[in-house]
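For reference, input-v3.tsv (TSV, C-alpha atoms):
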chain	number	residue	atom	x	y	z
A	1	MET	CA	100.28	65.28	119.70
A	2	ASN	CA	103.29	67.57	119.24
A	3	LYS	CA	103.04	67.28	115.45
A	4	LEU	CA	99.38	68.32	115.58
A	5	ALA	CA	100.13	71.37	117.76
A	6	TYR	CA	102.98	72.37	115.47
A	7	LEU	CA	100.74	72.04	112.42
A	8	LEU	CA	98.00	74.18	114.01
A	9	ILE	CA	100.47	76.91	114.97
A	10	LEU	CA	101.99	76.88	111.50
A	11	THR	CA	98.54	77.09	109.87
A	12	ALA	CA	97.47	79.97	112.12
A	13	PHE	CA	100.67	81.91	111.40
A	14	THR	CA	100.37	81.37	107.66
A	15	SER	CA	96.72	82.48	107.50
A	16	CYS	CA	97.42	85.64	109.54
A	17	LYS	CA	100.32	86.51	107.28
A	18	THR	CA	98.16	85.97	104.18
A	19	ARG	CA	95.40	88.29	105.47
A	20	GLN	CA	97.93	91.04	106.22
A	21	HIS	CA	99.48	90.67	102.77
A	22	THR	CA	96.05	90.97	101.11
A	23	GLN	CA	95.28	94.19	102.98
A	24	GLU	CA	98.68	95.65	102.08
A	25	ALA	CA	98.13	94.84	98.41
A	26	LEU	CA	95.12	97.19	98.13
A	27	ILE	CA	95.83	100.54	96.49
A	28	GLN	CA	95.78	103.49	98.88
A	29	ASP	CA	95.96	106.31	96.36
A	30	CYS	CA	93.32	108.51	94.77
A	31	PRO	CA	92.22	107.53	91.25
A	32	GLU	CA	91.58	110.25	88.69
A	33	GLU	CA	87.97	109.24	88.00
A	34	LYS	CA	85.20	106.75	88.78
A	35	ILE	CA	83.22	105.47	85.79
A	36	VAL	CA	79.69	104.14	86.37
A	37	ASN	CA	78.27	102.31	83.36
A	38	LYS	CA	74.46	102.61	83.39
A	39	ILE	CA	73.96	101.43	79.84
A	40	PRO	CA	71.12	98.86	79.93
A	41	GLY	CA	72.03	95.23	79.48
A	42	PRO	CA	74.94	93.06	80.51
A	43	PRO	CA	78.46	94.46	80.74
A	44	VAL	CA	80.43	94.80	77.51
A	45	LYS	CA	82.03	91.57	76.32
A	46	GLY	CA	85.12	90.83	78.40
A	47	GLU	CA	84.05	93.08	81.27
A	48	SER	CA	82.57	91.75	84.48
A	49	GLU	CA	81.87	95.03	86.28
A	50	LYS	CA	79.85	98.12	85.49
A	51	ILE	CA	81.92	100.34	87.83
A	52	TYR	CA	85.65	100.96	87.53
A	53	TYR	CA	88.28	103.60	88.26
A	54	ILE	CA	90.73	105.36	86.01
A	55	TYR	CA	94.05	105.20	87.84
A	56	GLN	CA	97.35	106.32	86.32
A	57	GLY	CA	95.63	106.43	82.94
A	58	LYS	CA	94.40	102.83	83.14
A	59	LYS	CA	91.09	101.10	83.88
A	60	VAL	CA	91.27	99.50	87.35
A	61	SER	CA	88.73	97.37	89.24
A	62	PRO	CA	87.29	98.78	92.49
A	63	LYS	CA	88.35	95.51	94.16
A	64	GLN	CA	91.98	96.64	93.86
A	65	PHE	CA	91.39	99.74	96.00
A	66	ASP	CA	91.10	100.13	99.77
A	67	GLN	CA	87.52	101.50	99.71
A	68	GLU	CA	87.61	102.79	103.31
A	69	TRP	CA	90.80	104.71	102.57
A	70	LEU	CA	89.29	106.21	99.39
A	71	GLU	CA	86.18	107.43	101.26
A	72	LYS	CA	88.29	109.16	103.93
A	73	ASN	CA	90.99	110.65	101.71
A	74	CYS	CA	89.76	111.25	98.17
A	75	GLU	CA	87.31	113.39	96.26
A	76	ILE	CA	86.79	111.40	93.09
A	77	LYS	CA	85.16	112.80	89.97
A	78	GLU	CA	82.34	110.43	89.00
A	79	THR	CA	81.26	110.03	85.39
A	80	VAL	CA	78.01	108.21	84.63
A	81	VAL	CA	77.74	106.68	81.16
A	82	TYR	CA	74.26	106.09	79.71
Do you think you could lay out the structure here as structure tokens?
Amino acid sequence: MNKLAYLLILTAFTSCKTRQHTQEALIQDCPEEKIVNKIPGPPVKGESEKIYYIYQGKKVSPKQFDQEWLEKNCEIKETVVY
């Protein structure tokens, strides 16, 4: 029974630590621009998303940003591509 309790405590600690690390890994900085691709059809070959940010001169997925933080702290220029 002690081994089971130890395993449960270890698992709980590890999962909590993992969630905190994931939240810390999100970017909390304002990107230069948001690009919205409204060109009809599937995304361009090799791309899985039709929305992305330009951050430090590079194309970055929205999944890498803390969206709540962006909404509260940034005014982002949005460019729609047709």
### Message
Need the shell around Val36 of chain A: protein/DNA/RNA residues with any atom at most 9 Å away, counting all atoms listed in the file. Skip same-chain ones fewer than 4 positions apart. Format as a PyMOL selection string?
### Response
chain A and resi 50-53+78-82
### Query
So, counting only C-alpha atoms, which residue among A:Pro31, A:Pro40, A:Gly57, A:Glu49 is closest to Glu71 of chain A?
A:Pro31
### Task
Take atom CA of Glu68 of chain A and atom CA of Lys38 of chain A and report the distance between them in Å, one decimal.
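Answer for the atom CA of Glu68 of chain A to atom CA of Lys38 of chain A separation: 23.9 Å.
The nearest approach to Ala25 of chain A among the residues A:Ile54, A:Leu70, A:Phe65, A:Gly41, with all atoms listed in the file taken into account, belongs to A:Phe65.
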Could you write out as lines of an AutoDock Vina configuration file the box around segment 32-38 of chain A (axis-aligned, all atoms listed in the file, 4 Å on each side), with centre and edge lengths in Å to one decimal?
center_x = 83.0
center_y = 106.3
center_z = 86.1
size_x = 25.1
size_y = 15.9
size_z = 13.4
### d(atom CA of Pro62 of chain A, atom CA of Ile39 of chain A) in Å
18.6 Å
### Query
So what do you get for atom CA of Cys74 of chain A versus atom CA of Glu33 of chain A, distance-wise?
10.5 Å
### Query
For Val60 of chain A, which of A:Lys72, A:Gln28, A:Lys77, A:Lys34 is the closest residue, counting only C-alpha atoms?
A:Lys34
